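For reference, the structure discussed in these notes is given below.
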Number of protein chains: 2
Amino acid sequence: MTKHTVNFQPIGRRVEIEHGATLLEAAQTGGVGLSAVCGGAGVCETCRVYVREGAVSPPNLIEEAGLDEDELAEGLRLACQAEVLGDVRVEVPASSLSTPQRTQIEGEALDVPVEPAVTTYTVKLEPATQEDLRSDWRRLCDALAAHGLDAPLATCTPVLSDLSPRLRAQGWEVSAAVRAGAAGCEVVRIGAPGDAPLGFAVDIGTTKLAGYLVNLQTGETLGMLGRMNPQIAYGEDVMARISYAVQSPGHAKTLQTALVDALNEMIAELCAAAGAGPSHVVDMVAVANTAMHHLFAGLPVEQLGTAPYVAAASDALNLRAAELGIEIAPGAYVYLPPNIAGFVGADHVSMLLASNIPAMEGVVVGLDIGTNTEVTLNANGKLLSCSTASGPAFEGAHIHDGMRAAEGAIEVFRLIDGEPQYQTIDNTPPVGICGSGILDMVASLRDAEILSAAGAMQPDGHLRIANSDHGPAFLVAPARETGHGADIKLTRSDVSEIQLAKSAMRAGVKILLDEAGLTERDIDAFIVAGAFGTYISVESAVRIGMFPPLPRDRYRQIGNAAGMGARQCLVSVKERARGETIARRVRYLELTNDSRFTDRFSQAVLLEPEPWF
Amino acid sequence: MTKHTVNFQPIGRRVEIEHGATLLEAAQTGGVGLSAVCGGAGVCETCRVYVREGAVSPPNLIEEAGLDEDELAEGLRLACQAEVLGDVRVEVPASSLSTPQRTQIEGEALDVPVEPAVTTYTVKLEPATQEDLRSDWRRLCDALAAHGLDAPLATCTPVLSDLSPRLRAQGWEVSAAVRAGAAGCEVVRIGAPGDAPLGFAVDIGTTKLAGYLVNLQTGETLGMLGRMNPQIAYGEDVMARISYAVQSPGHAKTLQTALVDALNEMIAELCAAAGAGPSHVVDMVAVANTAMHHLFAGLPVEQLGTAPYVAAASDALNLRAAELGIEIAPGAYVYLPPNIAGFVGADHVSMLLASNIPAMEGVVVGLDIGTNTEVTLNANGKLLSCSTASGPAFEGAHIHDGMRAAEGAIEVFRLIDGEPQYQTIDNTPPVGICGSGILDMVASLRDAEILSAAGAMQPDGHLRIANSDHGPAFLVAPARETGHGADIKLTRSDVSEIQLAKSAMRAGVKILLDEAGLTERDIDAFIVAGAFGTYISVESAVRIGMFPPLPRDRYRQIGNAAGMGARQCLVSVKERARGETIARRVRYLELTNDSRFTDRFSQAVLLEPEPWF
């Protein structure tokens with residue numbers, strides 16, 4: 001029987017499969033974790049993929065019913081329906097992946113020209129003699145001057161310390177990593193001839209750290225790594241962490257050390273995988289929300305926790321890595337892009353940079369969903385931002401059976417013919433529900449009229465509804481199905497949490513539109529960033545009124561844009577300047593004292609798309 | 001009986017004394033440690049002082065015999081002979097002082113206009129409000145911009161950390177210490193309103209540390225402090241210390257830590273005396289010879305210990321104090337002036353700066369006597385420098401009963417009517433001989449023809465000569481007179497050590513003159529710096545041919561000029577620039593491969609003034 005190769009991207013897996021098999025079968029054969037909540041029946045529509053090259057069967061009736069014309073035109077298909085008729089290349093959107101492939105750290109990156117802050121020069125020097133007694137450092141500077149580098153070059157002593165022994169051990173030939181800053185050139189590392197300059201970009205989330213190791217000469221990403229932020233042990237959200245930090249003088253240092261240790265481990269792990277050492281890392285960029293930024297940089301956070309919530313520093317910072325405890329090249333700096341306000345941080349600037357929202361034409365909304373959801377509106381070139389306290393419900397907190405997006409979490413949910421169908425991360429028996437799963441549940445139950453618009457659970461709406469200690473609850477998975485031997489339920493109060501979260505988000509978007517004299521109808525593009533935002537079902541979000549009922553193609557889920565923006569800043573000094581310009585262009589609206597907020601918030605509580613217009 | 005006040009300067013002691021008493025009696029009454037080896041008989045001429053104001057008796061015959069006309073015209077007197085006839089002001093040259101007054105850290109300072117690198121501004125900011133959400137740092141920068149400071153200002157996080165809490169604790173009023181560098185402005189400290197900016201200058205000698213606390217706003221020296229360099233425990237001279245440092249990887253760090261701890265203690269002590277804290281110190285300047293400079297800055301020294309003796313870095317350095325472990329203002333820098341070569345360091349540049357030798361007209365020789373003696377010749381504007389290994393004899397090493405200039409050391413010696421007369425530091429019973437004492441002994445014994453020009457001790461030249469294990473030796477002090485109950489002797493081999501030391505120095509001076517086509521006759525001024533150089537008798541040095549037989553008024557002993565130069569650099573950025581220019585102007589002659597050196601050295605071995613010409 002004829003065999004074909006299916007090339008799954010961006011995972012990079014190639015699978016041999018027989019002629020006529022479906023793309024889903026190919027994915028399952030190759031261990032590609034493609035979502036398929038309905039098991040391939042064509043009803044859940046979770047296995048969406050783009051066919052980018054090669055022959056597959058034409059769309060069948062199931063696909064024509066489930067996908068709209070534009071989507072089909074773009075090559076979007078249901079993997080369970082499309083049959084392989086030749087060698088094909090398939091792109092799997094992050095939203096169609098189940099873990100472990102989904103790293104939550106990938107994102108759409110802008111392709112920026114490589115113009116790094118640090119460049120490496122390999123120079124061969126004349127040995128010192130009785131007739132030429134120049135100091136080692138002067139000798140190096142003179143050689144670098146031949147490369148057009150301005151004297152006087154500066155540096156720090158740990159770099160100088162490496163120079164003399166290296167010159168003598170390496171036959172007077174060394175590589176010098178030179179950082180060009182506003183203040184002139186600075187040598188940040190002395191290495192072996194030909195050492196490639198590496199860079200590390202990191203998105204420091206309240207919950208997750210996403211790190212990227214980059215070759216600064218080529219711009220190539222050599223590796224990426226996700227990890228939990230170890231500060232979680234000291235408080236789950238930003239406010240809890242601020243409280244902890246101000247409780248006692250040593251606490252802020254404890255938080256900083258925990259984070260820095262984790263970052264050092266990530267750097268060491270990424271470098272080892274790339275066959276290098278941490279000292280090869282000659283530049284670093286870190287983005288974070290304002291509180292994480294301050295805790296990382298060792299800045300005080302007390303004033304961030306009380307009105308008017310002012311940042312200690314909002315300008316872009318260039319800090320010595322060594323000063324922060326980051327163990328990379330001895331003279332390397334960490335670049336921290338500017339913060340916009342106390343609750344709109346450098347990570348949002350970085351997201352704006354990567355998404356390119358500030359440069360887009362028309363009316364564009366950008367959303368970074370988290371415990372705080374940052375919203376930016378580009379209203380025909382005018383940038384407005386705000387932050388809304390959407391709460392930790394989407395991270396599983398304050399939800400009866402909530403959990404983070406980790407192994408065993410129900411991440412996708414459908415009611416198919418009235419029967420609950422779900423998919424868990426890693427396909428293990430369920431132990432809880434993560435954000436995207438909760439959103440799907442509320443939308444599905446609302447769709448089936450088991451929930452009212454006000455969020456009330458109809459006691460006789462479904463056989464699975466029963467009274468619990470927390471009022472009526474919907475049995476998502478009975479104890480016999482679960483990994484921990486207990487029922488998994490969605491309670492009335494869980495629904496309320498989602499209502500509060502989505503109203504906060506919606507009110508934020510609405511007030512920015514109000515401020516610009518616009519409505520949702522004017523939105524040309526709605527861009528959702530962040531791990532949660534990438535894995536949620538836009539349809540579910542629209543169904544409950546979290547997102548406006550715009551045509552599907554106006555939505556873009558761009559993954560970890562903050563991380564991508566950090567990577568861009570690492571690779572290009574022009575991107576740093578562009579980010580700083582963006583931060584200055586943004587007008588920040590503080591909602592805590594905006595009288596419109598309460599109105600807009602309460603209007604948005606209903607689980608309906610309508611009130612958007 | 002009528003009383004008068006004698007004001008002893010620069011010690012600043014005022015003494016009430018009766019009419020007709022001698023200045024020496026006044027000094028003794030007031031505890032001013034004036035030298036008087038002969039006990040006031042008028043024969044030792046060690047109690048020389050300048051009468052600057054007021055009435056004393058006219059010079060008597062003893063003074064007219066002991067002082068030349070020029071000296072008398074300048075007001076020089078023998079304190080044991082001059083009688084107080086009214087209120088007088090007396091200046092005591094350092095060479096006429098015995099400890100404890102002599103700190104070995106004072107010197108003649110050039111009066112430079114105060115133009116410090118760091119300036120303090122006290123600013124009152126508008127509090128943050130819901131309507132004005134600028135970050136604390138931005139708010140400060142905006143306020144400083146009103147003082148004409150260029151944005152963007154930079155800083156480090158420990159400084160930023162202080163800002164937010166201080167603003168709120170001090171009613172939004174703070175002082176900001178701002179450092180103006182080539183790279184723009186940098187805030188190095190946030191303090192209370194009105195905090196005066198302090199600076200610390202230090203001369204890091206191989207043996208001694210001399211520190212100065214200065215008010216950077218007024219230029220006033222608030223205090224000075226001398227201390228032993230604790231690295232002595234790891235090696236007495238530069239080469240021993242280099243050997244120790246390269247023996248094992250941790251050794252250099254041990255040396256650095258020992259030194260930095262001592263400097264931190266000095267800073268704390270000086271600040272406490274000035275009613276301030278170490279964090280008030282916002283700028284620091286350190287000068288040292290190249291090896292001490294490298295050990296302080298954490299630079300490698302291995303290449304300094306082997307030919308061709310190259311410095312790791314010779315350019316001026318601006319290093320973060322915190323990076324070096326120096327505990328002053330969190331963002332403060334340490335400025336290290338440039339080194340000239342492996343054995344002509346920043347301390348010599350600093351001496352040249354303070355002595356003003358490079359700006360002088362004619363032919364000027366400058367000498368910094370130590371284990372290595374640095375020599376600079378200004379030949380009508382052309383600067384030539386070299387370093388000669390004069391050895392540690394003048395620090396008491398390799399001398400049978402040698403010791404450093406500490407309590408109980410014989411520091412002045414005369415043969416009066418053939419009888420040894422000596423003076424010890426602190427006037428305690430003698431326990432050894434320090435450099436100036438040894439020099440005096442060799443000169444006195446040579447004068448009395450007890451020593452031949454070749455340095456041989458005539459066995460029957462004096463009753464005090466006896467054979468010892470080390471050949472003939474001169475009994476300086478019998479056991480019954482000494483503090484440790486043992487004889488103190490000068491041996492033939494001690495004399496040899498002095499011969500080697502003085503020939504090295506002389507050869508250095510001679511070769512520089514040769515190089516410039518000059519001879520000693522052309523020397524217009526001969527300037528001797530450093531603690532040892534200040535307390536020696538120029539007459540003794542001339543007698544044995546260490547210094548050329550120039551008229552006495554061409555000599556100047558300027559004290560710790562390196563420390564004074566450091567103080568000048570601390571007070572004025574123009575002085576830093578001037579020092580850097582001087583370092584570039586100097587042409588360095590490496591003597592270790594100069595064929596002339598051996599000839600000049602052996603010519604200078606004789607204990608005669610003649611061969612100079």
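By order of appearance in the structure tokens: chains A, B, ..., then residues from 1 within every chain, and ligands from 1 in the order shown.
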Per-residue DSSP, range 70-289 of chain A, filtered to alpha helix (DSSP H), as number ranges by chain: A: 70-73, 136-145, 157-169, 238-247, 251-273
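Residues within 10 Å of Arg584 in chain B, counting only C-alpha atoms and excluding same-chain residues fewer than 5 positions away, are Asp315, Pro338, Asn339, Ile340, Leu383, Arg578 and Gly579 of chain B.
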Proximity of chain A to chain B: per-residue shortest pair, 8 Å limit, only C-alpha atoms, as JSON lines:
{"residue": "A:Ala128", "atom": "CA", "partner": "B:Pro308", "partner_atom": "CA", "distance": 7.0}
{"residue": "A:Thr129", "atom": "CA", "partner": "B:Pro308", "partner_atom": "CA", "distance": 5.8}
{"residue": "A:Gln130", "atom": "CA", "partner": "B:Pro308", "partner_atom": "CA", "distance": 5.4}
{"residue": "A:Leu133", "atom": "CA", "partner": "B:Val310", "partner_atom": "CA", "distance": 6.0}
{"residue": "A:Arg134", "atom": "CA", "partner": "B:Val310", "partner_atom": "CA", "distance": 7.0}
{"residue": "A:Ser135", "atom": "CA", "partner": "B:Ala311", "partner_atom": "CA", "distance": 4.7}
{"residue": "A:Asp136", "atom": "CA", "partner": "B:Ala312", "partner_atom": "CA", "distance": 4.9}
{"residue": "A:Trp137", "atom": "CA", "partner": "B:Ala313", "partner_atom": "CA", "distance": 4.9}
{"residue": "A:Arg138", "atom": "CA", "partner": "B:Ala313", "partner_atom": "CA", "distance": 6.7}
{"residue": "A:Ala154", "atom": "CA", "partner": "B:Leu317", "partner_atom": "CA", "distance": 7.9}
{"residue": "A:Cys156", "atom": "CA", "partner": "B:Leu319", "partner_atom": "CA", "distance": 6.6}
{"residue": "A:Thr157", "atom": "CA", "partner": "B:Gly298", "partner_atom": "CA", "distance": 6.3}
{"residue": "A:Pro158", "atom": "CA", "partner": "B:Gly298", "partner_atom": "CA", "distance": 7.4}
{"residue": "A:Leu160", "atom": "CA", "partner": "B:Leu299", "partner_atom": "CA", "distance": 6.5}
{"residue": "A:Ser161", "atom": "CA", "partner": "B:Leu299", "partner_atom": "CA", "distance": 4.9}
{"residue": "A:Leu163", "atom": "CA", "partner": "B:Ala312", "partner_atom": "CA", "distance": 7.5}
{"residue": "A:Ser164", "atom": "CA", "partner": "B:Ala312", "partner_atom": "CA", "distance": 5.9}
{"residue": "A:Pro165", "atom": "CA", "partner": "B:Pro300", "partner_atom": "CA", "distance": 7.6}
{"residue": "A:Ala182", "atom": "CA", "partner": "B:Ala183", "partner_atom": "CA", "distance": 7.3}
{"residue": "A:Ala183", "atom": "CA", "partner": "B:Ala183", "partner_atom": "CA", "distance": 4.2}
{"residue": "A:Gly184", "atom": "CA", "partner": "B:Ala183", "partner_atom": "CA", "distance": 7.1}
{"residue": "A:Ala297", "atom": "CA", "partner": "B:Thr157", "partner_atom": "CA", "distance": 6.5}
{"residue": "A:Gly298", "atom": "CA", "partner": "B:Thr157", "partner_atom": "CA", "distance": 6.3}
{"residue": "A:Leu299", "atom": "CA", "partner": "B:Ser161", "partner_atom": "CA", "distance": 4.8}
{"residue": "A:Pro300", "atom": "CA", "partner": "B:Ser161", "partner_atom": "CA", "distance": 5.5}
{"residue": "A:Gln303", "atom": "CA", "partner": "B:Ser164", "partner_atom": "CA", "distance": 7.3}
{"residue": "A:Ala307", "atom": "CA", "partner": "B:Gln130", "partner_atom": "CA", "distance": 7.7}
{"residue": "A:Pro308", "atom": "CA", "partner": "B:Gln130", "partner_atom": "CA", "distance": 5.4}
{"residue": "A:Tyr309", "atom": "CA", "partner": "B:Leu133", "partner_atom": "CA", "distance": 7.9}
{"residue": "A:Val310", "atom": "CA", "partner": "B:Ser135", "partner_atom": "CA", "distance": 5.6}
{"residue": "A:Ala311", "atom": "CA", "partner": "B:Ser135", "partner_atom": "CA", "distance": 4.7}
{"residue": "A:Ala312", "atom": "CA", "partner": "B:Asp136", "partner_atom": "CA", "distance": 4.9}
{"residue": "A:Ala313", "atom": "CA", "partner": "B:Trp137", "partner_atom": "CA", "distance": 4.9}
{"residue": "A:Ser314", "atom": "CA", "partner": "B:Ser135", "partner_atom": "CA", "distance": 5.7}
{"residue": "A:Asp315", "atom": "CA", "partner": "B:Arg138", "partner_atom": "CA", "distance": 7.1}
{"residue": "A:Leu317", "atom": "CA", "partner": "B:Ala154", "partner_atom": "CA", "distance": 7.9}
{"residue": "A:Leu319", "atom": "CA", "partner": "B:Cys156", "partner_atom": "CA", "distance": 6.6}
{"residue": "A:Ala341", "atom": "CA", "partner": "B:Leu133", "partner_atom": "CA", "distance": 7.4}
{"residue": "A:Glu590", "atom": "CA", "partner": "B:Gln130", "partner_atom": "CA", "distance": 7.5}
{"residue": "A:Asn593", "atom": "CA", "partner": "B:Gln130", "partner_atom": "CA", "distance": 7.6}
Residue contacts of Gly223 in chain A (12 Å, only C-alpha atoms) excluding same-chain residues fewer than 3 positions away, as an NGL selection string: :A and (103 or 105-106 or 198-202 or 210-215 or 219-220 or 226 or 266-276 or 567)
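Atom pair CA of Asn7 in chain B / CA of Glu71 in chain B: separated by 20.8 Å.
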Atomic distance CA of Cys434 in chain A - CA of Ile410 in chain A, expressed in Å with one decimal: 6.0 Å
Ala192 in chain B surroundings by only C-alpha atoms, 12 Å radius, close-in-sequence under 5 positions cut, as a PyMOL selection string: chain B and resi 120-124+162-163+165-177+197+279-280
Residue neighbourhood range 442-453 of chain A, 6 Å, only C-alpha atoms, exclusion window fewer than 2 positions, as a ChimeraX atom specification: /A:439-440,455-458,461,540,543-544,606-607
Selected residue, from A:His400, A:Arg414, A:Arg189, A:Arg521, that lies nearest to His470 in chain A when counting only C-alpha atoms: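 Smallest separation from His470 in chain A among the options: A:His400.
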